[in-house]
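S.K.: Dropping in work_6.txt, which is compact mmCIF, C-alpha atoms and all ligand atoms:
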# COMPACT_ATOMS: atom_id res chain seq x y z
CA MET A 759 -1.28 -8.28 32.44
CA ASP A 760 1.04 -5.44 33.47
CA TYR A 761 1.52 -2.97 30.66
CA LEU A 762 4.43 -0.52 30.52
CA GLY A 763 2.17 2.29 29.37
CA PRO A 764 2.84 4.92 26.66
CA GLU A 765 5.30 7.10 28.64
CA LYS A 766 7.68 4.26 29.49
CA ILE A 767 7.46 2.85 25.96
CA ILE A 768 8.40 6.26 24.53
CA LYS A 769 11.33 6.47 26.97
CA LYS A 770 12.59 2.98 26.03
CA LYS A 771 12.13 3.67 22.34
CA LYS A 772 14.16 6.88 22.67
CA GLU A 773 16.96 5.03 24.42
CA PHE A 774 17.17 1.75 22.51
CA TYR A 775 15.50 2.16 19.11
CA MET A 776 16.82 4.08 16.09
CA PRO A 777 15.77 7.72 16.24
CA CYS A 778 14.41 7.55 12.66
CA SER A 779 11.22 5.87 13.89
CA HIS A 780 8.42 8.35 14.62
CA ASN A 781 4.88 7.69 15.79
CA PHE A 782 1.56 9.43 15.25
CA TYR A 783 0.04 11.58 18.05
CA LYS A 784 1.23 13.85 20.87
CA ASN A 785 -0.34 11.40 23.32
CA PRO A 786 -0.13 8.00 21.65
CA PRO A 787 -1.96 5.09 23.23
CA GLN A 788 -0.24 1.76 23.91
CA ILE A 789 -2.09 -0.61 21.61
CA VAL A 790 -2.25 -4.02 23.22
CA ARG A 791 -4.91 -5.95 21.33
CA GLY A 792 -6.69 -6.03 18.00
CA LEU A 793 -9.90 -7.70 16.92
CA MET A 794 -11.34 -7.21 13.42
CA GLN A 795 -11.95 -3.43 12.98
CA TYR A 796 -10.93 -2.59 16.54
CA TYR A 797 -7.78 -1.88 18.50
CA TYR A 798 -7.68 -1.81 22.30
CA ASP A 799 -5.19 0.11 24.44
CA ASN A 800 -3.60 -0.70 27.80
CA GLU A 801 -6.52 0.94 29.60
CA GLY A 802 -9.07 -1.16 27.73
CA ILE A 803 -10.22 1.71 25.52
CA GLN A 804 -11.59 0.58 22.16
CA TYR A 805 -10.63 2.32 18.90
CA LEU A 806 -12.38 1.90 15.57
CA ASP A 807 -9.47 1.55 13.16
CA PHE A 808 -9.72 3.29 9.79
CA PHE A 809 -6.08 2.86 8.74
CA SER A 810 -5.45 -0.94 9.06
CA GLY A 811 -1.83 -0.45 10.16
CA VAL A 812 -1.26 1.24 6.76
CA SER A 813 -3.44 -0.94 4.56
CA VAL A 814 -2.39 -4.27 6.05
CA ALA A 815 -5.33 -5.69 8.04
CA ASN A 816 -7.82 -5.82 5.16
CA CYS A 817 -9.48 -8.87 6.75
CA GLY A 818 -9.49 -7.30 10.21
CA HIS A 819 -7.02 -7.51 13.09
CA CYS A 820 -6.33 -11.00 14.49
CA ASN A 821 -9.17 -12.34 12.36
CA PRO A 822 -10.02 -15.66 14.10
CA GLU A 823 -10.80 -17.48 10.81
CA ILE A 824 -7.28 -16.64 9.59
CA THR A 825 -5.26 -16.82 12.80
CA CYS A 826 -6.46 -20.35 13.52
CA VAL A 827 -4.84 -21.42 10.22
CA THR A 828 -1.64 -19.54 11.14
CA ILE A 829 -1.52 -21.09 14.62
CA GLU A 830 -2.12 -24.62 13.34
CA GLN A 831 0.73 -24.23 10.83
CA LEU A 832 2.99 -22.66 13.52
CA GLN A 833 2.51 -25.78 15.61
CA THR A 834 3.11 -28.13 12.68
CA LEU A 835 5.97 -26.78 10.54
CA GLN A 836 7.37 -23.25 10.68
CA HIS A 837 10.38 -23.19 8.45
CA THR A 838 12.46 -25.17 6.02
CA SER A 839 13.74 -22.55 3.49
CA THR A 840 13.05 -23.00 -0.20
CA ILE A 841 15.82 -25.58 -0.64
CA TYR A 842 13.33 -28.17 0.67
CA LEU A 843 9.92 -28.99 -0.74
CA THR A 844 6.83 -27.74 1.08
CA GLN A 845 3.26 -27.65 -0.16
CA PRO A 846 1.98 -24.26 1.15
CA LEU A 847 4.42 -22.35 -1.10
CA VAL A 848 3.21 -23.99 -4.32
CA ASP A 849 -0.44 -23.89 -3.24
CA LEU A 850 -0.11 -20.14 -2.64
CA ALA A 851 1.69 -19.61 -5.96
CA GLU A 852 -1.18 -21.43 -7.72
CA LYS A 853 -3.76 -19.34 -5.84
CA MET A 854 -1.96 -16.13 -6.81
CA ALA A 855 -2.09 -17.17 -10.48
CA GLU A 856 -5.88 -17.58 -10.11
CA ILE A 857 -6.40 -14.04 -8.80
CA MET A 858 -3.76 -12.10 -10.76
CA PRO A 859 -4.88 -10.21 -13.87
CA GLY A 860 -4.16 -11.32 -17.45
CA ASP A 861 -1.23 -13.62 -18.10
CA ILE A 862 0.44 -13.01 -14.74
CA LYS A 863 1.06 -16.49 -13.45
CA ARG A 864 4.37 -16.90 -11.64
CA SER A 865 5.28 -15.66 -8.19
CA PHE A 866 8.36 -15.28 -6.03
CA PHE A 867 7.69 -14.86 -2.31
CA CYS A 868 9.66 -12.66 0.05
CA ASN A 869 9.05 -10.81 3.32
CA SER A 870 8.47 -7.09 2.80
CA GLY A 871 7.21 -4.72 0.16
CA SER A 872 10.71 -3.30 -0.33
CA GLU A 873 12.22 -6.74 -0.89
CA ALA A 874 9.56 -7.60 -3.47
CA VAL A 875 10.08 -4.24 -5.24
CA GLU A 876 13.83 -4.98 -5.43
CA GLY A 877 13.00 -8.39 -6.91
CA ALA A 878 10.67 -6.83 -9.47
CA MET A 879 13.35 -4.34 -10.50
CA LEU A 880 15.96 -7.09 -10.77
CA LEU A 881 13.57 -9.10 -12.94
CA ALA A 882 12.98 -6.09 -15.21
CA ARG A 883 16.74 -5.69 -15.60
CA LEU A 884 17.19 -9.38 -16.40
CA TYR A 885 14.39 -9.40 -18.97
CA THR A 886 15.24 -6.13 -20.73
CA GLN A 887 19.00 -6.20 -20.15
CA LYS A 888 18.64 -2.49 -19.36
CA GLU A 889 19.54 -0.80 -16.11
CA GLU A 890 17.56 2.38 -15.52
CA PHE A 891 14.08 3.13 -14.17
CA ILE A 892 11.42 5.82 -14.27
CA TYR A 893 9.29 6.53 -11.21
CA LEU A 894 6.69 9.12 -10.27
CA GLU A 895 6.82 12.17 -8.07
CA GLY A 896 4.77 11.24 -4.98
CA GLY A 897 5.43 7.49 -5.34
CA LEU A 898 6.85 5.31 -2.58
CA HIS A 899 8.13 1.80 -3.13
CA GLY A 900 10.29 0.95 -0.14
CA ARG A 901 13.29 1.89 1.89
CA THR A 902 16.00 -0.55 0.83
CA TYR A 903 18.73 0.46 -1.63
CA LEU A 904 17.15 -0.02 -5.08
CA SER A 905 13.67 0.81 -3.82
CA SER A 906 14.88 4.05 -2.12
CA ASN A 907 16.10 5.24 -5.48
CA VAL A 908 12.54 5.30 -6.76
CA ILE A 909 10.95 7.19 -3.86
CA GLY A 910 9.27 10.34 -5.14
CA ILE A 911 8.55 11.83 -1.70
CA PRO A 912 11.33 14.08 -0.38
CA MET A 913 10.78 13.24 3.33
CA TRP A 914 11.46 9.54 2.68
CA ARG A 915 14.61 10.06 0.59
CA THR A 916 17.00 9.38 3.46
CA ASP A 917 20.05 8.03 1.66
CA PRO A 918 22.34 10.95 0.70
CA PHE A 919 23.76 8.96 -2.24
CA LEU A 920 20.69 8.21 -4.33
CA ASP A 921 21.48 7.87 -8.02
CA ALA A 922 19.64 10.42 -10.16
CA ASN A 923 21.56 9.33 -13.26
CA LYS A 924 19.91 5.92 -13.40
CA PHE A 925 16.58 6.56 -11.66
CA HIS A 926 14.50 9.25 -13.32
CA ILE A 927 11.58 11.03 -11.68
CA ALA A 928 8.56 11.95 -13.81
CA LEU A 929 5.72 14.33 -12.95
CA ARG A 930 2.77 12.57 -11.41
CA PRO A 931 -0.76 12.55 -12.85
CA TRP A 932 -1.95 15.14 -10.35
CA LYS A 933 -1.21 18.82 -10.01
CA LYS A 934 -2.67 21.39 -7.66
CA ASP A 935 -5.47 23.40 -9.26
CA LEU A 936 -5.25 21.44 -12.51
CA ASN A 937 -7.84 19.16 -14.05
CA ILE A 938 -6.82 15.50 -13.55
CA ASP A 939 -6.82 14.73 -17.31
CA GLU A 940 -4.54 17.69 -18.00
CA ALA A 941 -2.19 16.68 -15.20
CA ALA A 942 -2.10 13.10 -16.50
CA LYS A 943 -1.30 14.29 -20.03
CA ILE A 944 1.61 16.33 -18.64
CA SER A 945 2.81 13.29 -16.72
CA LEU A 946 2.60 11.11 -19.83
CA ARG A 947 4.61 13.64 -21.86
CA ASP A 948 7.23 13.72 -19.11
CA ILE A 949 7.54 9.92 -19.16
CA GLU A 950 7.92 9.96 -22.94
CA LEU A 951 10.58 12.65 -22.72
CA ILE A 952 12.65 10.52 -20.35
CA LEU A 953 12.14 7.38 -22.47
CA GLU A 954 13.38 9.28 -25.51
CA LYS A 955 16.29 10.95 -23.72
CA ARG A 956 17.44 7.65 -22.19
CA LYS A 957 16.54 5.54 -25.25
CA GLY A 958 17.72 1.94 -24.93
CA LYS A 959 18.47 2.34 -21.22
CA ILE A 960 15.13 2.19 -19.37
CA ALA A 961 14.30 -1.25 -17.95
CA GLY A 962 10.95 -0.19 -16.57
CA PHE A 963 8.55 2.30 -15.09
CA ILE A 964 7.32 1.69 -11.55
CA ALA A 965 4.15 3.17 -10.09
CA GLU A 966 1.40 2.58 -7.57
CA PRO A 967 -2.01 2.40 -9.30
CA ILE A 968 -3.23 4.79 -6.62
CA GLN A 969 -0.53 6.62 -4.69
CA GLY A 970 -0.88 5.88 -0.98
CA ASN A 971 1.83 7.80 0.84
CA GLY A 972 1.67 10.44 -1.89
CA GLY A 973 -1.83 11.44 -0.75
CA ILE A 974 -4.32 9.03 -2.41
CA ILE A 975 -3.74 10.14 -5.98
CA VAL A 976 -5.96 8.40 -8.56
CA PRO A 977 -4.96 8.84 -12.22
CA PRO A 978 -7.68 9.03 -14.88
CA LYS A 979 -8.85 5.67 -16.24
CA TRP A 980 -6.91 6.02 -19.53
CA TYR A 981 -3.56 6.85 -17.92
CA PHE A 982 -1.96 3.42 -17.43
CA VAL A 983 -3.19 2.17 -20.83
CA GLU A 984 -1.29 5.04 -22.45
CA VAL A 985 1.76 4.57 -20.20
CA LYS A 986 1.88 0.88 -21.19
CA LYS A 987 1.68 1.75 -24.91
CA LEU A 988 4.60 4.13 -24.51
CA LEU A 989 6.62 1.58 -22.58
CA GLU A 990 5.98 -1.08 -25.21
CA LYS A 991 7.23 1.31 -27.89
CA TYR A 992 10.51 1.68 -25.99
CA HIS A 993 10.72 -2.01 -24.95
CA SER A 994 10.45 -1.18 -21.25
CA LEU A 995 8.29 -2.88 -18.62
CA LEU A 996 5.37 -1.66 -16.54
CA ILE A 997 5.88 -2.56 -12.87
CA ILE A 998 2.78 -1.98 -10.75
CA ASP A 999 3.23 -1.72 -7.00
CA GLU A 1000 0.06 -3.01 -5.31
CA VAL A 1001 1.63 -3.05 -1.85
CA GLN A 1002 -0.98 -0.62 -0.42
CA THR A 1003 -3.75 -1.03 -2.96
CA GLY A 1004 -4.00 -4.80 -3.33
CA PHE A 1005 -6.42 -7.41 -2.02
CA ALA A 1006 -9.91 -5.97 -2.45
CA ARG A 1007 -9.26 -2.49 -1.03
CA THR A 1008 -10.38 -0.60 -4.14
CA GLY A 1009 -13.40 -2.73 -5.00
CA LYS A 1010 -11.28 -5.00 -7.23
CA MET A 1011 -8.85 -7.69 -6.12
CA PHE A 1012 -6.07 -5.38 -7.43
CA ALA A 1013 -6.37 -1.65 -8.03
CA ILE A 1014 -4.81 -1.85 -11.50
CA GLU A 1015 -7.97 -3.69 -12.61
CA ASN A 1016 -9.73 -0.31 -12.32
CA PHE A 1017 -7.52 0.88 -15.19
CA ASP A 1018 -8.00 -1.94 -17.73
CA VAL A 1019 -4.36 -2.74 -18.13
CA VAL A 1020 -2.25 -5.82 -17.38
CA PRO A 1021 1.15 -4.90 -15.97
CA ASP A 1022 4.31 -6.80 -16.84
CA ILE A 1023 5.24 -7.26 -13.21
CA MET A 1024 3.11 -6.82 -10.06
CA VAL A 1025 4.34 -6.35 -6.52
CA VAL A 1026 2.19 -7.25 -3.52
CA ALA A 1027 2.80 -7.30 0.24
CA LYS A 1028 1.00 -5.88 3.31
CA ALA A 1029 -2.59 -7.23 3.08
CA LEU A 1030 -1.44 -10.54 1.57
CA GLY A 1031 -0.45 -11.65 5.07
CA ASN A 1032 -3.00 -9.52 6.97
CA GLY A 1033 -0.20 -8.88 9.52
CA ILE A 1034 2.05 -11.88 8.92
CA PRO A 1035 5.10 -10.79 6.88
CA ILE A 1036 4.88 -11.94 3.27
CA SER A 1037 5.28 -10.25 -0.10
CA ALA A 1038 5.63 -11.30 -3.71
CA PHE A 1039 6.53 -10.17 -7.18
CA CYS A 1040 4.58 -11.83 -9.93
CA THR A 1041 4.84 -11.95 -13.70
CA SER A 1042 4.08 -13.86 -16.91
CA ASP A 1043 5.85 -17.04 -18.08
CA ARG A 1044 7.60 -15.01 -20.76
CA ILE A 1045 9.28 -12.63 -18.30
CA ALA A 1046 9.78 -15.20 -15.52
CA ASN A 1047 11.74 -17.41 -17.91
CA THR A 1048 14.67 -14.97 -17.77
CA PHE A 1049 15.02 -15.41 -14.00
CA THR A 1050 16.95 -18.68 -13.97
CA LYS A 1051 20.15 -17.93 -12.06
CA PRO A 1052 19.78 -19.15 -8.48
CA SER A 1053 17.94 -16.84 -6.10
CA ALA A 1054 16.22 -17.27 -2.75
CA SER A 1055 14.70 -15.49 0.20
CA THR A 1056 15.37 -17.57 3.32
CA LEU A 1057 12.01 -16.93 4.98
CA GLY A 1058 10.12 -16.03 1.78
CA GLY A 1059 7.01 -18.16 1.36
CA ASN A 1060 7.64 -20.14 4.53
CA PRO A 1061 4.82 -22.52 5.50
CA VAL A 1062 3.34 -20.17 8.13
CA SER A 1063 3.14 -17.07 5.92
CA SER A 1064 2.06 -19.05 2.85
CA LYS A 1065 -0.76 -20.85 4.70
CA THR A 1066 -1.85 -17.53 6.19
CA ALA A 1067 -1.88 -15.85 2.77
CA ILE A 1068 -4.01 -18.64 1.32
CA ALA A 1069 -6.44 -18.19 4.23
CA VAL A 1070 -6.47 -14.43 3.57
CA ILE A 1071 -7.35 -14.84 -0.12
CA GLU A 1072 -10.03 -17.41 0.72
CA TYR A 1073 -11.47 -15.11 3.39
CA ILE A 1074 -11.62 -12.16 0.95
CA ILE A 1075 -13.55 -14.26 -1.57
CA LYS A 1076 -15.82 -16.05 0.92
CA HIS A 1077 -16.81 -12.85 2.72
CA GLU A 1078 -17.14 -10.80 -0.49
CA LEU A 1079 -14.73 -8.10 0.67
CA ILE A 1080 -14.31 -6.82 -2.90
CA GLU A 1081 -18.01 -5.99 -3.13
CA LYS A 1082 -18.00 -4.68 0.44
CA ALA A 1083 -15.10 -2.29 -0.21
CA SER A 1084 -16.92 -0.92 -3.21
CA TYR A 1085 -20.30 -0.54 -1.46
CA LEU A 1086 -18.99 0.94 1.81
CA GLY A 1087 -16.41 3.03 -0.04
CA ASN A 1088 -19.20 4.73 -2.00
CA ILE A 1089 -21.09 5.55 1.19
CA LEU A 1090 -17.96 6.88 2.90
CA LYS A 1091 -16.97 8.93 -0.14
CA LYS A 1092 -20.43 10.50 -0.39
CA GLY A 1093 -20.25 11.38 3.31
CA LEU A 1094 -16.79 12.92 2.94
CA GLU A 1095 -17.95 14.87 -0.09
CA SER A 1096 -20.84 16.34 1.87
CA LEU A 1097 -18.33 17.41 4.53
CA LYS A 1098 -16.36 19.06 1.73
CA ASN A 1099 -19.48 20.97 0.69
CA LYS A 1100 -19.83 22.13 4.28
CA TYR A 1101 -16.21 23.12 4.98
CA GLY A 1102 -14.08 25.10 2.52
CA PHE A 1103 -11.16 23.77 4.59
CA ILE A 1104 -11.56 20.44 2.76
CA LYS A 1105 -9.96 20.93 -0.63
CA GLU A 1106 -10.47 17.57 -2.28
CA VAL A 1107 -11.88 14.10 -1.62
CA ARG A 1108 -10.07 11.39 -3.62
CA GLY A 1109 -9.89 7.63 -3.95
CA ILE A 1110 -11.69 4.44 -4.91
CA GLY A 1111 -13.37 1.86 -2.67
CA LEU A 1112 -12.04 1.93 0.86
CA MET A 1113 -8.88 3.84 -0.06
CA LEU A 1114 -9.96 7.43 0.36
CA GLY A 1115 -8.12 10.65 1.07
CA VAL A 1116 -9.30 14.07 2.19
CA GLU A 1117 -6.90 16.89 1.36
CA LEU A 1118 -7.09 19.78 3.80
CA ASP A 1119 -6.21 23.42 3.34
CA ASP A 1120 -3.54 23.13 6.00
CA ASP A 1121 0.23 23.13 6.58
CA GLY A 1122 -0.07 19.84 8.51
CA SER A 1123 -0.74 21.16 12.04
CA LEU A 1124 -4.55 21.06 11.90
CA THR A 1125 -4.33 17.64 10.24
CA ASP A 1126 -2.40 16.41 13.28
CA LEU A 1127 -4.91 18.01 15.63
CA ILE A 1128 -7.81 16.30 13.82
CA LEU A 1129 -6.00 12.95 14.04
CA GLU A 1130 -5.40 13.46 17.78
CA LYS A 1131 -8.97 14.51 18.53
CA MET A 1132 -10.38 11.62 16.51
CA LYS A 1133 -8.12 9.23 18.44
CA ASP A 1134 -9.35 10.74 21.72
CA ARG A 1135 -12.90 9.93 20.54
CA GLY A 1136 -11.87 6.36 19.71
CA PHE A 1137 -11.21 6.60 15.95
CA ILE A 1138 -7.93 5.87 14.20
CA ILE A 1139 -7.42 7.59 10.86
CA GLY A 1140 -4.21 7.96 8.87
CA LYS A 1141 -2.48 10.84 7.18
CA ASN A 1142 -0.28 11.13 4.12
CA GLY A 1143 0.45 13.42 1.18
CA LEU A 1144 3.54 15.40 0.26
CA GLY A 1145 2.44 18.16 2.64
CA ARG A 1146 1.22 15.65 5.29
CA ASN A 1147 -2.19 17.30 4.99
CA VAL A 1148 -4.29 14.45 3.63
CA LEU A 1149 -6.52 12.44 5.98
CA ALA A 1150 -6.33 8.79 4.94
CA PHE A 1151 -9.23 6.35 5.26
CA GLN A 1152 -8.07 2.77 4.62
CA PRO A 1153 -10.03 0.71 7.15
CA PRO A 1154 -10.18 -3.05 7.51
CA LEU A 1155 -12.73 -4.16 4.88
CA VAL A 1156 -14.80 -5.82 7.60
CA ILE A 1157 -16.24 -2.52 8.89
CA THR A 1158 -20.00 -1.95 8.88
CA VAL A 1159 -22.29 0.79 7.53
CA ASP A 1160 -22.75 1.97 11.13
CA ASP A 1161 -18.95 2.34 11.48
CA VAL A 1162 -18.93 4.55 8.39
CA PHE A 1163 -21.71 6.82 9.68
CA ASN A 1164 -20.14 6.87 13.12
CA ILE A 1165 -16.77 8.11 11.88
CA LEU A 1166 -18.41 10.68 9.58
CA THR A 1167 -20.45 12.15 12.46
CA ASN A 1168 -17.39 12.38 14.68
CA LEU A 1169 -15.21 13.84 11.93
CA ASP A 1170 -17.83 16.51 11.29
CA GLU A 1171 -17.82 17.46 14.99
CA VAL A 1172 -14.03 17.44 15.23
CA ILE A 1173 -13.59 19.65 12.15
CA LYS A 1174 -16.10 22.08 13.67
CA GLU A 1175 -14.05 22.08 16.90
CA VAL A 1176 -10.68 22.77 15.29
CA LEU A 1177 -11.74 25.48 12.84
C1 LIG B 1 3.22 1.37 -2.10
C2 LIG B 1 4.30 0.82 -1.23
N1 LIG B 1 5.27 0.08 -1.78
C3 LIG B 1 6.25 -0.46 -1.02
C4 LIG B 1 6.30 -0.24 0.33
C5 LIG B 1 7.40 -0.87 1.13
O1 LIG B 1 6.89 -1.90 1.89
P1 LIG B 1 7.65 -2.42 3.21
O2 LIG B 1 7.53 -1.34 4.23
O3 LIG B 1 6.90 -3.67 3.55
O4 LIG B 1 9.06 -2.69 2.80
C6 LIG B 1 5.31 0.53 0.95
C7 LIG B 1 5.36 0.75 2.40
O5 LIG B 1 4.80 1.61 2.98
C8 LIG B 1 4.27 1.07 0.16
O6 LIG B 1 3.30 1.80 0.68
How does the structure come out when it is put into structure tokens?
M.R.:
Amino acid sequence: MDYLGPEKIIKKKKEFYMPCSHNFYKNPPQIVRGLMQYYYDNEGIQYLDFFSGVSVANCGHCNPEITCVTIEQLQTLQHTSTIYLTQPLVDLAEKMAEIMPGDIKRSFFCNSGSEAVEGAMLLARLYTQKEEFIYLEGGLHGRTYLSSNVIGIPMWRTDPFLDANKFHIALRPWKKDLNIDEAAKISLRDIELILEKRKGKIAGFIAEPIQGNGGIIVPPKWYFVEVKKLLEKYHSLLIIDEVQTGFARTGKMFAIENFDVVPDIMVVAKALGNGIPISAFCTSDRIANTFTKPSASTLGGNPVSSKTAIAVIEYIIKHELIEKASYLGNILKKGLESLKNKYGFIKEVRGIGLMLGVELDDDGSLTDLILEKMKDRGFIIGKNGLGRNVLAFQPPLVITVDDVFNILTNLDEVIKEVL
């Protein structure tokens, strides 16, 4: 196969694609193939992927056990729209009810995280008959209109006309140089202040259980229980965005299960399709019963994405990816913590399971250099955080112990090189 190669792709992208789309790396490879925890570039170089295309390929890239289901469905029936009856959609909805926490039972399928977040917000408005929302500093929930209004990261707030009168930002449960419990208490007080100030107007509070783009921020265990109590007092809903955290990544099927709370509405996407576009918002019978006016998403829950998602959930269970994420996550975290003990340049190691972040004492430039040098050694890691100085480790959950030790050894050497 003739590949264009990185230079020509960059040139074409500059000419024909929107200039808002940026890529990692000074010298990015052309990725041409994926298989489980590996990517391959146009020169046949193998990369061990520790970012999963931003938390998507939890079951590994082009996982043969899953893609064979996708391909069979592609060759049988691709699309009907929801105005006709198909079985994969209802089978997937039933499967989702089996794995969702508490009384969450009903799903609506769409195509992207943003679309599902919009649906969740619409549902909260329908149920509460209130219009406004609270969101957290450092949160990210999408880039469509409603979802952009609840982005708590300045670099992603692109729309110049976001509505600060109806969408209220609260302090997040993390603050530099402050104990996590103290920071979470401040955040809770801030949420209460807004609920009181906008009494009778707040439909819901939306948050990621662990902030992904915001720099892998994990609230203390009690945080969401207290947030939910507050919301109940003000008759507002808890919307939990599991778009990055869902499907075994944190050693639970959903990250919110680490916090002993059942949300009113859950949003999932990314890893549900393992690379095939599908997302959902899910809720209890009680809340779903207010969503009766006609709605649809033309491609949402089409037979190909629904069959794939069922195969993904079955793969996670059959191959014990929940237990694997927990076990390997602990090993990786311990390794990263010993690097922290070695280098004062590492300020904090955060996260649960295989969703880990390493905050660096850096303005972003050394973070980029580390990413580049790791890529040159054949390792893909991510970055996030408000200062773009957090190394993100969110690998496919099919990695091995050797992969973990391998990346740790190389990271150690690269940090030594750049300091
Ligand atoms: C937590 C979270 N929610 C929502 C979204 C939006 O998802 P999508 O890009 O599929 O619209 C993202 C995307 O990065 C995300 O990380």
S.K.: Box along x, y and z, 4 Å on every side, all listed atoms of ligand LIG 1 (chain B) inside: centre and edge lengths in Å to one decimal, as JSON.
M.R.:
{"center_x": 6.1, "center_y": -0.9, "center_z": 1.1, "size_x": 13.8, "size_y": 13.5, "size_z": 14.3}
S.K.: Give me the chain A side of the contact with ligand LIG 1 (chain B), cut-off 6 Å, one line per residue showing its nearest atom pair and distance in Å at one decimal, counting all atoms listed in the file, sorted by chain and residue number, as a tab-separated table.
M.R.:
residue	atom	partner	partner_atom	distance
A:Ser870	CA	B:LIG1	O3	3.8
A:Gly871	CA	B:LIG1	O1	3.3
A:Ser872	CA	B:LIG1	O4	3.6
A:Leu898	CA	B:LIG1	C2	5.3
A:His899	CA	B:LIG1	N1	3.6
A:Gly900	CA	B:LIG1	C5	3.6
A:Glu966	CA	B:LIG1	C1	5.9
A:Asp999	CA	B:LIG1	C1	5.8
A:Val1001	CA	B:LIG1	C1	4.7
A:Gln1002	CA	B:LIG1	C1	4.9
S.K.: Would you mind telling me which residue in A:Leu832, A:Ala928, A:Leu1079, A:Leu881 lies nearest to Glu895 in chain A when using all atoms listed in the file?
M.R.: A:Ala928
S.K.: One decimal, Å: what's the distance from CA of Asn1016 in chain A over to CA of His1077 in chain A, could you say?
M.R.: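 It comes out at 20.8 Å.
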S.K.: Do a neighbour search on Ile911 in chain A at 8 Å with only C-alpha atoms, toss out local chain neighbours closer than 2 positions, and write the hits as a list in words.
M.R.: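 Contacts, with the query itself left out: Glu895, Gly896, Gly897, Leu898, Ile909, Met913, Trp914, Arg915, Gly972 and Leu1144 of chain A.
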S.K.: Using all atoms listed in the file, which of A:Asn785, A:Asn816, A:Ser779, A:Asn923 sits nearest Gly1031 in chain A?
M.R.: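 Nearest to Gly1031 in chain A: A:Asn816.
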S.K.: Enter the distance from CA of Ser906 in chain A to CA of Asp921 in chain A, in Å, rounded to one decimal.
M.R.: 9.6 Å
S.K.: Smallest atom-to-atom distance to Lys863 in chain A: which of A:Leu1149, A:Ile1023, A:Ala878, A:Leu1169, using all atoms listed in the file?
M.R.: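 Selected residue with least distance to Lys863 in chain A: A:Ile1023.
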S.K.: Figure out the distance between CA of Tyr761 in chain A and CA of Glu773 in chain A, please, to one decimal in Å.
M.R.: 18.5 Å
S.K.: Of the candidates A:Leu884, A:Val1020, A:Ala961, A:Met1132, which shows the shortest atom-to-atom distance to Lys1051 in chain A, using all atoms listed in the file?
M.R.: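 Of the candidates, the smallest distance to Lys1051 in chain A is held by A:Leu884.
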S.K.: Which residue is closest to Gly1145 in chain A? Choose from A:Ile768, A:Gly973, A:Ala1027, A:Leu995 and count all atoms listed in the file.
M.R.: A:Gly973
S.K.: For Arg1135 in chain A, please output as an MDAnalysis selection string all residues within 10 Å (counting only C-alpha atoms; exclusion window: fewer than 2 positions along the same chain).
M.R.: chainID A and resid 803:806 1129:1133 1137:1138 1165 1168:1169 1172
S.K.: Choose the residue, out of A:Tyr1085, A:Phe891, A:Phe982, A:Phe1151, that has the smallest atom-to-atom separation from Val1019 in chain A; count only C-alpha atoms.
M.R.: A:Phe982
S.K.: Given the point (-9.3, 9.6, 3.7) in the coordinates of this file, which residues lie within 10 Å, counting all atoms listed in the file, and how would they look as a PyMOL selection string?
M.R.: chain A and resi 808-809+973-974+1090-1091+1094+1107-1109+1112-1117+1139-1142+1148-1153
S.K.: Which residues are close to Leu894 in chain A, i.e. within 7 Å by only C-alpha atoms, leaving aside same-chain residues fewer than 3 positions away? Reply as a list of chain:residue names.
M.R.: A:Gly897, A:Gly910, A:Ile927, A:Ala928, A:Leu929, A:Arg930, A:Ala965
S.K.: So that I can see what lies close to Val1026 in chain A, please list as a ChimeraX atom specification the residues with an atom at most 6 Å from it, counting all atoms listed in the file and leaving out residues fewer than 6 positions away in the same chain.
M.R.: /A:1000-1001,1037-1038
S.K.: Extract, using all atoms listed in the file, all DNA, RNA and protein residues at most 8 Å from Asp1120 in chain A, discarding same-chain residues fewer than 3 positions from it, and format them as an MDAnalysis selection string.
M.R.: chainID A and resid 1103 1123:1125 1147
S.K.: Which polymer residues, protein or nucleic acid, are no farther than 10 Å from (8.0, 14.4, -17.8), counting all atoms listed in the file, as a VMD selection string?
M.R.: chain A and resid 892 894 926 to 930 943 to 953
